[in-house]
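Novice: File name run-v1.pdb; file contents PDB, C-alpha atoms; full text below.
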```pdb
ATOM      1  CA  MET A   1     -86.999  37.459  58.317  1.00  0.00           C
ATOM      2  CA  THR A   2     -89.067  40.539  57.518  1.00  0.00           C
ATOM      3  CA  GLU A   3     -90.519  42.688  60.232  1.00  0.00           C
ATOM      4  CA  THR A   4     -94.298  42.752  60.517  1.00  0.00           C
ATOM      5  CA  PRO A   5     -95.642  46.270  59.993  1.00  0.00           C
ATOM      6  CA  LEU A   6     -97.122  47.808  63.104  1.00  0.00           C
ATOM      7  CA  SER A   7    -100.875  48.244  63.319  1.00  0.00           C
ATOM      8  CA  ASP A   8    -102.403  51.662  63.914  1.00  0.00           C
ATOM      9  CA  GLN A   9    -103.061  50.587  67.513  1.00  0.00           C
ATOM     10  CA  ASP A  10     -99.387  49.682  67.947  1.00  0.00           C
ATOM     11  CA  ILE A  11     -98.235  52.996  66.479  1.00  0.00           C
ATOM     12  CA  GLU A  12    -100.636  54.844  68.776  1.00  0.00           C
ATOM     13  CA  ALA A  13     -99.392  52.799  71.753  1.00  0.00           C
ATOM     14  CA  VAL A  14     -95.775  53.704  70.943  1.00  0.00           C
ATOM     15  CA  THR A  15     -96.792  57.356  70.688  1.00  0.00           C
ATOM     16  CA  ARG A  16     -98.667  57.208  74.003  1.00  0.00           C
ATOM     17  CA  THR A  17     -95.631  55.622  75.635  1.00  0.00           C
ATOM     18  CA  TRP A  18     -93.472  58.481  74.308  1.00  0.00           C
ATOM     19  CA  LEU A  19     -95.964  61.007  75.696  1.00  0.00           C
ATOM     20  CA  LYS A  20     -96.071  59.350  79.122  1.00  0.00           C
ATOM     21  CA  THR A  21     -92.421  58.398  79.590  1.00  0.00           C
ATOM     22  CA  ILE A  22     -90.721  61.446  78.074  1.00  0.00           C
ATOM     23  CA  ILE A  23     -93.064  64.385  77.504  1.00  0.00           C
ATOM     24  CA  VAL A  24     -95.113  63.999  80.708  1.00  0.00           C
ATOM     25  CA  GLU A  25     -92.603  62.244  82.976  1.00  0.00           C
ATOM     26  CA  TYR A  26     -89.949  64.890  82.382  1.00  0.00           C
ATOM     27  CA  SER A  27     -92.461  67.735  82.027  1.00  0.00           C
ATOM     28  CA  ILE A  28     -91.199  68.652  78.557  1.00  0.00           C
ATOM     29  CA  CYS A  29     -94.719  69.990  78.041  1.00  0.00           C
ATOM     30  CA  PRO A  30     -96.198  70.860  81.426  1.00  0.00           C
ATOM     31  CA  PHE A  31     -99.695  70.868  79.898  1.00  0.00           C
ATOM     32  CA  ALA A  32     -99.658  67.385  78.321  1.00  0.00           C
ATOM     33  CA  LYS A  33    -100.381  65.361  81.475  1.00  0.00           C
ATOM     34  CA  ARG A  34    -103.780  66.917  82.055  1.00  0.00           C
ATOM     35  CA  GLU A  35    -104.933  66.313  78.480  1.00  0.00           C
ATOM     36  CA  LEU A  36    -103.571  62.776  78.408  1.00  0.00           C
ATOM     37  CA  GLU A  37    -105.388  61.946  81.665  1.00  0.00           C
ATOM     38  CA  ARG A  38    -108.599  63.579  80.420  1.00  0.00           C
ATOM     39  CA  GLY A  39    -108.438  61.577  77.184  1.00  0.00           C
ATOM     40  CA  SER A  40    -108.751  64.770  75.153  1.00  0.00           C
ATOM     41  CA  ILE A  41    -105.848  64.033  72.798  1.00  0.00           C
ATOM     42  CA  PHE A  42    -106.903  62.575  69.455  1.00  0.00           C
ATOM     43  CA  PHE A  43    -104.361  60.250  67.842  1.00  0.00           C
ATOM     44  CA  ASN A  44    -104.597  59.912  64.063  1.00  0.00           C
ATOM     45  CA  VAL A  45    -102.238  57.462  62.401  1.00  0.00           C
ATOM     46  CA  ASN A  46    -101.781  58.342  58.742  1.00  0.00           C
ATOM     47  CA  HIS A  47    -100.244  55.972  56.184  1.00  0.00           C
ATOM     48  CA  ASP A  48    -100.224  58.372  53.244  1.00  0.00           C
ATOM     49  CA  THR A  49     -96.885  59.202  51.674  1.00  0.00           C
ATOM     50  CA  GLN A  50     -97.907  61.916  49.208  1.00  0.00           C
ATOM     51  CA  ILE A  51     -97.663  65.502  50.468  1.00  0.00           C
ATOM     52  CA  ASP A  52    -101.075  66.497  49.096  1.00  0.00           C
ATOM     53  CA  GLN A  53    -102.775  63.622  50.941  1.00  0.00           C
ATOM     54  CA  CYS A  54    -100.923  64.438  54.167  1.00  0.00           C
ATOM     55  CA  LEU A  55    -102.005  68.080  53.856  1.00  0.00           C
ATOM     56  CA  LEU A  56    -105.586  66.966  53.286  1.00  0.00           C
ATOM     57  CA  LYS A  57    -105.414  64.879  56.491  1.00  0.00           C
ATOM     58  CA  LEU A  58    -104.162  67.946  58.362  1.00  0.00           C
ATOM     59  CA  ILE A  59    -107.133  70.023  57.192  1.00  0.00           C
ATOM     60  CA  LEU A  60    -109.504  67.172  58.050  1.00  0.00           C
ATOM     61  CA  GLU A  61    -108.066  67.220  61.572  1.00  0.00           C
ATOM     62  CA  CYS A  62    -108.774  70.961  61.734  1.00  0.00           C
ATOM     63  CA  ASP A  63    -112.354  70.153  60.699  1.00  0.00           C
ATOM     64  CA  ARG A  64    -112.521  67.511  63.451  1.00  0.00           C
ATOM     65  CA  LEU A  65    -111.345  70.044  66.050  1.00  0.00           C
ATOM     66  CA  ASP A  66    -113.878  72.548  64.689  1.00  0.00           C
ATOM     67  CA  SER A  67    -116.724  70.113  65.228  1.00  0.00           C
ATOM     68  CA  ASP A  68    -115.664  68.265  68.398  1.00  0.00           C
ATOM     69  CA  SER A  69    -114.950  70.454  71.420  1.00  0.00           C
ATOM     70  CA  ASP A  70    -114.139  67.376  73.536  1.00  0.00           C
ATOM     71  CA  ILE A  71    -110.894  67.012  71.585  1.00  0.00           C
ATOM     72  CA  GLU A  72    -108.344  69.447  72.945  1.00  0.00           C
ATOM     73  CA  THR A  73    -105.506  68.608  70.614  1.00  0.00           C
ATOM     74  CA  THR A  74    -104.559  66.199  67.836  1.00  0.00           C
ATOM     75  CA  LEU A  75    -101.419  64.247  67.094  1.00  0.00           C
ATOM     76  CA  LEU A  76    -101.292  63.472  63.377  1.00  0.00           C
ATOM     77  CA  ILE A  77     -98.757  60.647  63.157  1.00  0.00           C
ATOM     78  CA  PHE A  78     -97.119  59.904  59.815  1.00  0.00           C
ATOM     79  CA  ALA A  79     -96.365  56.181  59.861  1.00  0.00           C
ATOM     80  CA  LYS A  80     -94.704  56.101  56.415  1.00  0.00           C
ATOM     81  CA  ALA A  81     -94.097  59.661  55.235  1.00  0.00           C
ATOM     82  CA  PHE A  82     -91.322  62.164  55.937  1.00  0.00           C
ATOM     83  CA  THR A  83     -88.655  59.768  57.132  1.00  0.00           C
ATOM     84  CA  ASP A  84     -86.118  62.346  55.912  1.00  0.00           C
ATOM     85  CA  PHE A  85     -86.021  65.307  58.309  1.00  0.00           C
ATOM     86  CA  GLU A  86     -85.433  67.887  55.558  1.00  0.00           C
ATOM     87  CA  ASP A  87     -88.494  66.604  53.664  1.00  0.00           C
ATOM     88  CA  TYR A  88     -90.439  66.850  56.902  1.00  0.00           C
ATOM     89  CA  LEU A  89     -89.368  70.479  57.401  1.00  0.00           C
ATOM     90  CA  ASP A  90     -90.501  71.266  53.845  1.00  0.00           C
ATOM     91  CA  PHE A  91     -93.865  69.694  54.658  1.00  0.00           C
ATOM     92  CA  ILE A  92     -94.205  71.736  57.866  1.00  0.00           C
ATOM     93  CA  GLU A  93     -93.540  74.955  55.959  1.00  0.00           C
ATOM     94  CA  ILE A  94     -96.236  74.089  53.412  1.00  0.00           C
ATOM     95  CA  ALA A  95     -98.627  72.987  56.183  1.00  0.00           C
ATOM     96  CA  GLU A  96     -98.254  76.274  58.048  1.00  0.00           C
ATOM     97  CA  THR A  97     -98.957  78.208  54.838  1.00  0.00           C
ATOM     98  CA  LEU A  98    -101.993  76.017  54.171  1.00  0.00           C
ATOM     99  CA  LEU A  99    -103.414  76.708  57.632  1.00  0.00           C
ATOM    100  CA  ILE A 100    -103.196  80.433  56.912  1.00  0.00           C
ATOM    101  CA  GLU A 101    -104.776  80.009  53.466  1.00  0.00           C
ATOM    102  CA  GLN A 102    -107.621  77.950  54.984  1.00  0.00           C
ATOM    103  CA  GLY A 103    -108.394  80.642  57.555  1.00  0.00           C
ATOM    104  CA  TYR A 104    -106.948  78.788  60.551  1.00  0.00           C
ATOM    105  CA  GLU A 105    -104.313  81.362  61.494  1.00  0.00           C
ATOM    106  CA  GLY A 106    -104.857  82.289  65.131  1.00  0.00           C
ATOM    107  CA  ILE A 107    -107.164  79.302  65.595  1.00  0.00           C
ATOM    108  CA  TYR A 108    -104.743  76.373  65.401  1.00  0.00           C
ATOM    109  CA  GLN A 109    -101.004  76.130  65.812  1.00  0.00           C
ATOM    110  CA  LEU A 110     -98.623  73.408  64.677  1.00  0.00           C
ATOM    111  CA  ALA A 111     -95.904  71.899  66.801  1.00  0.00           C
ATOM    112  CA  SER A 112     -93.489  69.611  65.025  1.00  0.00           C
ATOM    113  CA  PHE A 113     -91.904  66.345  66.160  1.00  0.00           C
ATOM    114  CA  HIS A 114     -89.639  63.971  64.256  1.00  0.00           C
ATOM    115  CA  PRO A 115     -87.296  61.073  65.109  1.00  0.00           C
ATOM    116  CA  ASP A 116     -84.352  63.065  63.703  1.00  0.00           C
ATOM    117  CA  TYR A 117     -85.432  66.503  64.882  1.00  0.00           C
ATOM    118  CA  CYS A 118     -82.549  68.936  64.967  1.00  0.00           C
ATOM    119  CA  PHE A 119     -82.890  72.579  65.907  1.00  0.00           C
ATOM    120  CA  GLN A 120     -81.395  75.105  63.530  1.00  0.00           C
ATOM    121  CA  ASP A 121     -77.691  75.629  64.285  1.00  0.00           C
ATOM    122  CA  ALA A 122     -77.676  72.691  66.731  1.00  0.00           C
ATOM    123  CA  LYS A 123     -75.439  69.669  66.404  1.00  0.00           C
ATOM    124  CA  LYS A 124     -77.243  66.407  65.590  1.00  0.00           C
ATOM    125  CA  ASP A 125     -75.977  64.855  68.835  1.00  0.00           C
ATOM    126  CA  ASP A 126     -77.184  67.705  71.078  1.00  0.00           C
ATOM    127  CA  ALA A 127     -79.480  66.138  73.679  1.00  0.00           C
ATOM    128  CA  ALA A 128     -81.650  69.286  73.494  1.00  0.00           C
ATOM    129  CA  ASN A 129     -83.004  68.057  70.137  1.00  0.00           C
ATOM    130  CA  TYR A 130     -84.878  65.385  72.087  1.00  0.00           C
ATOM    131  CA  THR A 131     -87.399  67.956  73.272  1.00  0.00           C
ATOM    132  CA  ASN A 132     -88.846  67.559  69.753  1.00  0.00           C
ATOM    133  CA  ARG A 133     -87.775  64.028  68.875  1.00  0.00           C
ATOM    134  CA  SER A 134     -90.548  61.479  68.679  1.00  0.00           C
ATOM    135  CA  PRO A 135     -90.978  57.863  67.598  1.00  0.00           C
ATOM    136  CA  TYR A 136     -92.575  58.937  64.287  1.00  0.00           C
ATOM    137  CA  PRO A 137     -92.809  62.116  62.257  1.00  0.00           C
ATOM    138  CA  MET A 138     -95.881  63.908  63.543  1.00  0.00           C
ATOM    139  CA  VAL A 139     -97.704  67.187  63.719  1.00  0.00           C
ATOM    140  CA  HIS A 140     -99.256  68.345  66.959  1.00  0.00           C
ATOM    141  CA  LEU A 141    -102.292  70.478  66.169  1.00  0.00           C
ATOM    142  CA  LEU A 142    -103.172  72.759  69.094  1.00  0.00           C
ATOM    143  CA  ARG A 143    -106.025  75.168  69.745  1.00  0.00           C
ATOM    144  CA  GLU A 144    -104.623  78.702  70.111  1.00  0.00           C
ATOM    145  CA  THR A 145    -107.196  79.586  72.785  1.00  0.00           C
ATOM    146  CA  SER A 146    -106.092  76.589  74.850  1.00  0.00           C
ATOM    147  CA  ILE A 147    -102.461  77.604  74.527  1.00  0.00           C
ATOM    148  CA  ASP A 148    -103.291  81.120  75.710  1.00  0.00           C
ATOM    149  CA  LYS A 149    -105.245  79.801  78.730  1.00  0.00           C
ATOM    150  CA  ALA A 150    -102.531  77.319  79.669  1.00  0.00           C
ATOM    151  CA  LEU A 151     -99.799  79.943  79.439  1.00  0.00           C
ATOM    152  CA  GLU A 152    -101.776  82.369  81.612  1.00  0.00           C
ATOM    153  CA  SER A 153    -101.933  79.823  84.428  1.00  0.00           C
ATOM    154  CA  HIS A 154     -98.299  78.706  84.201  1.00  0.00           C
ATOM    155  CA  PRO A 155     -95.620  80.610  86.098  1.00  0.00           C
ATOM    156  CA  ASN A 156     -92.962  81.927  83.703  1.00  0.00           C
ATOM    157  CA  PRO A 157     -94.035  80.082  80.535  1.00  0.00           C
ATOM    158  CA  GLU A 158     -91.262  81.835  78.637  1.00  0.00           C
ATOM    159  CA  ASN A 159     -88.794  79.680  80.604  1.00  0.00           C
ATOM    160  CA  ILE A 160     -90.218  76.348  79.366  1.00  0.00           C
ATOM    161  CA  PRO A 161     -87.949  76.015  76.288  1.00  0.00           C
ATOM    162  CA  GLN A 162     -84.793  76.879  78.227  1.00  0.00           C
ATOM    163  CA  HIS A 163     -85.797  74.498  81.040  1.00  0.00           C
ATOM    164  CA  ASN A 164     -86.239  71.710  78.483  1.00  0.00           C
ATOM    165  CA  ILE A 165     -82.849  72.388  76.905  1.00  0.00           C
ATOM    166  CA  GLU A 166     -81.123  72.353  80.287  1.00  0.00           C
ATOM    167  CA  LEU A 167     -83.014  69.232  81.411  1.00  0.00           C
ATOM    168  CA  THR A 168     -82.282  67.169  78.304  1.00  0.00           C
ATOM    169  CA  ARG A 169     -78.621  68.194  78.317  1.00  0.00           C
ATOM    170  CA  LYS A 170     -78.375  67.292  82.002  1.00  0.00           C
ATOM    171  CA  LEU A 171     -79.969  63.893  81.331  1.00  0.00           C
ATOM    172  CA  GLY A 172     -77.531  63.477  78.461  1.00  0.00           C
ATOM    173  CA  LEU A 173     -77.584  62.122  74.947  1.00  0.00           C
ATOM    174  CA  VAL A 174     -77.374  58.437  75.884  1.00  0.00           C
ATOM    175  CA  LYS A 175     -80.267  58.715  78.359  1.00  0.00           C
ATOM    176  CA  MET A 176     -82.421  60.562  75.819  1.00  0.00           C
ATOM    177  CA  GLN A 177     -81.602  58.026  73.097  1.00  0.00           C
ATOM    178  CA  THR A 178     -82.444  55.184  75.479  1.00  0.00           C
ATOM    179  CA  LEU A 179     -85.748  56.765  76.517  1.00  0.00           C
ATOM    180  CA  LEU A 180     -86.851  57.276  72.914  1.00  0.00           C
ATOM    181  CA  ALA A 181     -85.758  53.789  71.845  1.00  0.00           C
ATOM    182  CA  ALA A 182     -87.650  52.271  74.790  1.00  0.00           C
ATOM    183  CA  CYS A 183     -90.911  53.737  73.482  1.00  0.00           C
ATOM    184  CA  HIS A 184     -90.827  51.182  70.669  1.00  0.00           C
ATOM    185  CA  HIS A 185     -90.378  48.356  73.170  1.00  0.00           C
ATOM    186  CA  PRO A 186     -92.315  49.406  76.299  1.00  0.00           C
ATOM    187  CA  ASN A 187     -92.269  45.931  77.864  1.00  0.00           C
ATOM    188  CA  ARG A 188     -88.513  45.430  77.684  1.00  0.00           C
TER     189      ARG A 188
END
```
For this file, write the structure as structure tokens.
Specialist:
Amino acid sequence: MTETPLSDQDIEAVTRTWLKTIIVEYSICPFAKRELERGSIFFNVNHDTQIDQCLLKLILECDRLDSDSDIETTLLIFAKAFTDFEDYLDFIEIAETLLIEQGYEGIYQLASFHPDYCFQDAKKDDAANYTNRSPYPMVHLLRETSIDKALESHPNPENIPQHNIELTRKLGLVKMQTLLAACHHPNR
């Protein structure tokens, strides 16, 4: 029996579940809840597998943010591309260079999320990797001005990464694995 491919709506629903049940619930990003509740996060499910097409989609999302101030941030979700984490990292490096070349340095910033995310020099089974593990490879495109404003109003923003590392390690690898797996099956 072959598995039916998920629709864009299903992929977005899985991603929203991940945002709500991990990122917001555990305050991995203390700024995500407000934007999720406001409906100012744009979800774009992309089925391209070629790097050049994925880069084009990234620039088109920059154009969307340029022209629509109601969108605070975009999650560009790669439904089929970058299943290999090393390939994904190569893509991120090219994407960051492209943003600079297109004049978006200081305007937009990329945050990276991947199902197999592993911080440099970290062990694959370190629960801290789950601060950046997601159901699908994705790029979070953020407005720099919004980041600056959010950080100004947050007490000790420099402590956020360390808090997340400590939290995920305290929750443990099995809990983090279970939480991420549950995003694919929210009604179970």
Novice: To verify the selection step, state as a list of chain:residue names which residues the PyMOL selection byres ((chain A and resi 27-38) around 9) yields on this input.
Specialist: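 The output of the PyMOL selection byres ((chain A and resi 27-38) around 9) on this file is A:Arg16, A:Leu19, A:Lys20, A:Ile22, A:Ile23, A:Val24, A:Glu25, A:Tyr26, A:Gly39, A:Ser40, A:Ile41, A:Glu72, A:Thr73, A:Thr131, A:Ala150, A:His154, A:Ile160, A:Pro161, A:His163, A:Asn164, A:Leu167.
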Novice: Rank nothing, just name the residue among A:Ala182, A:Leu141, A:Ile71, A:Val14 nearest to Phe42 of chain A, using all atoms listed in the file.
Specialist: A:Ile71
Novice: Using the chain letters and numbering of this document, enumerate as a ChimeraX atom specification the residues selected by the PyMOL selection byres ((chain A and resi 102) around 12).
Specialist: /A:55-56,58-60,62-63,95-101,103-108
Novice: Tell me which of A:Ala13, A:Leu142, A:Ile51, A:Ile94 sits closest to Gln109 of chain A, counting only C-alpha atoms.
Specialist: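 Among the listed residues, the smallest separation from Gln109 of chain A belongs to A:Leu142.
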Novice: I'd like the interatomic distance between atom CA of Ala128 of chain A and atom CA of Phe113 of chain A, to a tenth of an Å.
Specialist: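 These two atoms are separated by 12.9 Å.
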Novice: Would you compute the distance between atom CA of Leu179 of chain A and atom CA of Ile11 of chain A? Give it in Å to one decimal.
Specialist: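 Computing the Euclidean distance for atom CA of Leu179 of chain A and atom CA of Ile11 of chain A yields 16.5 Å.
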Novice: Translate the PyMOL selection byres ((chain A and resi 84) around 10) into a concrete residue list for this structure, as a list in words.
Specialist: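 Applied to this file, the PyMOL selection byres ((chain A and resi 84) around 10) returns Ala81, Phe82, Thr83, Phe85, Glu86, Asp87, Tyr88, Leu89, His114, Pro115, Asp116, Tyr117 and Pro137 of chain A.
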Novice: Place N, CA and C atoms on segment 153-170 of chain A and deliver the coordinates as a PDB file, in the frame of the given file.
Specialist:
```pdb
ATOM      1  N   SER A 153    -101.925  80.465  83.111  1.00  0.00           N
ATOM      2  CA  SER A 153    -101.933  79.823  84.428  1.00  0.00           C
ATOM      3  C   SER A 153    -100.585  79.216  84.805  1.00  0.00           C
ATOM      4  N   HIS A 154     -99.610  79.309  83.934  1.00  0.00           N
ATOM      5  CA  HIS A 154     -98.299  78.706  84.201  1.00  0.00           C
ATOM      6  C   HIS A 154     -97.308  79.795  84.597  1.00  0.00           C
ATOM      7  N   PRO A 155     -96.609  79.603  85.703  1.00  0.00           N
ATOM      8  CA  PRO A 155     -95.620  80.610  86.098  1.00  0.00           C
ATOM      9  C   PRO A 155     -94.431  80.605  85.129  1.00  0.00           C
ATOM     10  N   ASN A 156     -94.114  81.751  84.596  1.00  0.00           N
ATOM     11  CA  ASN A 156     -92.962  81.927  83.703  1.00  0.00           C
ATOM     12  C   ASN A 156     -92.953  80.973  82.502  1.00  0.00           C
ATOM     13  N   PRO A 157     -93.998  81.001  81.678  1.00  0.00           N
ATOM     14  CA  PRO A 157     -94.035  80.082  80.535  1.00  0.00           C
ATOM     15  C   PRO A 157     -92.895  80.328  79.542  1.00  0.00           C
ATOM     16  N   GLU A 158     -92.370  81.530  79.545  1.00  0.00           N
ATOM     17  CA  GLU A 158     -91.262  81.835  78.637  1.00  0.00           C
ATOM     18  C   GLU A 158     -90.006  81.030  78.980  1.00  0.00           C
ATOM     19  N   ASN A 159     -89.959  80.471  80.182  1.00  0.00           N
ATOM     20  CA  ASN A 159     -88.794  79.680  80.604  1.00  0.00           C
ATOM     21  C   ASN A 159     -88.884  78.202  80.218  1.00  0.00           C
ATOM     22  N   ILE A 160     -90.030  77.766  79.691  1.00  0.00           N
ATOM     23  CA  ILE A 160     -90.218  76.348  79.366  1.00  0.00           C
ATOM     24  C   ILE A 160     -89.159  75.855  78.368  1.00  0.00           C
ATOM     25  N   PRO A 161     -88.955  76.531  77.235  1.00  0.00           N
ATOM     26  CA  PRO A 161     -87.949  76.015  76.288  1.00  0.00           C
ATOM     27  C   PRO A 161     -86.547  75.909  76.898  1.00  0.00           C
ATOM     28  N   GLN A 162     -86.128  76.919  77.626  1.00  0.00           N
ATOM     29  CA  GLN A 162     -84.793  76.879  78.227  1.00  0.00           C
ATOM     30  C   GLN A 162     -84.697  75.769  79.279  1.00  0.00           C
ATOM     31  N   HIS A 163     -85.756  75.599  80.062  1.00  0.00           N
ATOM     32  CA  HIS A 163     -85.797  74.498  81.040  1.00  0.00           C
ATOM     33  C   HIS A 163     -85.615  73.153  80.336  1.00  0.00           C
ATOM     34  N   ASN A 164     -86.318  72.970  79.213  1.00  0.00           N
ATOM     35  CA  ASN A 164     -86.239  71.710  78.483  1.00  0.00           C
ATOM     36  C   ASN A 164     -84.840  71.462  77.925  1.00  0.00           C
ATOM     37  N   ILE A 165     -84.216  72.511  77.423  1.00  0.00           N
ATOM     38  CA  ILE A 165     -82.849  72.388  76.905  1.00  0.00           C
ATOM     39  C   ILE A 165     -81.907  71.968  78.026  1.00  0.00           C
ATOM     40  N   GLU A 166     -81.993  72.668  79.148  1.00  0.00           N
ATOM     41  CA  GLU A 166     -81.123  72.353  80.287  1.00  0.00           C
ATOM     42  C   GLU A 166     -81.385  70.944  80.804  1.00  0.00           C
ATOM     43  N   LEU A 167     -82.657  70.555  80.912  1.00  0.00           N
ATOM     44  CA  LEU A 167     -83.014  69.232  81.411  1.00  0.00           C
ATOM     45  C   LEU A 167     -82.469  68.132  80.507  1.00  0.00           C
ATOM     46  N   THR A 168     -82.720  68.230  79.211  1.00  0.00           N
ATOM     47  CA  THR A 168     -82.282  67.169  78.304  1.00  0.00           C
ATOM     48  C   THR A 168     -80.760  67.091  78.242  1.00  0.00           C
ATOM     49  N   ARG A 169     -80.095  68.226  78.311  1.00  0.00           N
ATOM     50  CA  ARG A 169     -78.621  68.194  78.317  1.00  0.00           C
ATOM     51  C   ARG A 169     -78.099  67.592  79.622  1.00  0.00           C
ATOM     52  N   LYS A 170     -78.784  67.868  80.719  1.00  0.00           N
ATOM     53  CA  LYS A 170     -78.375  67.292  82.002  1.00  0.00           C
ATOM     54  C   LYS A 170     -78.588  65.772  81.987  1.00  0.00           C
TER      55      LYS A 170
END
```
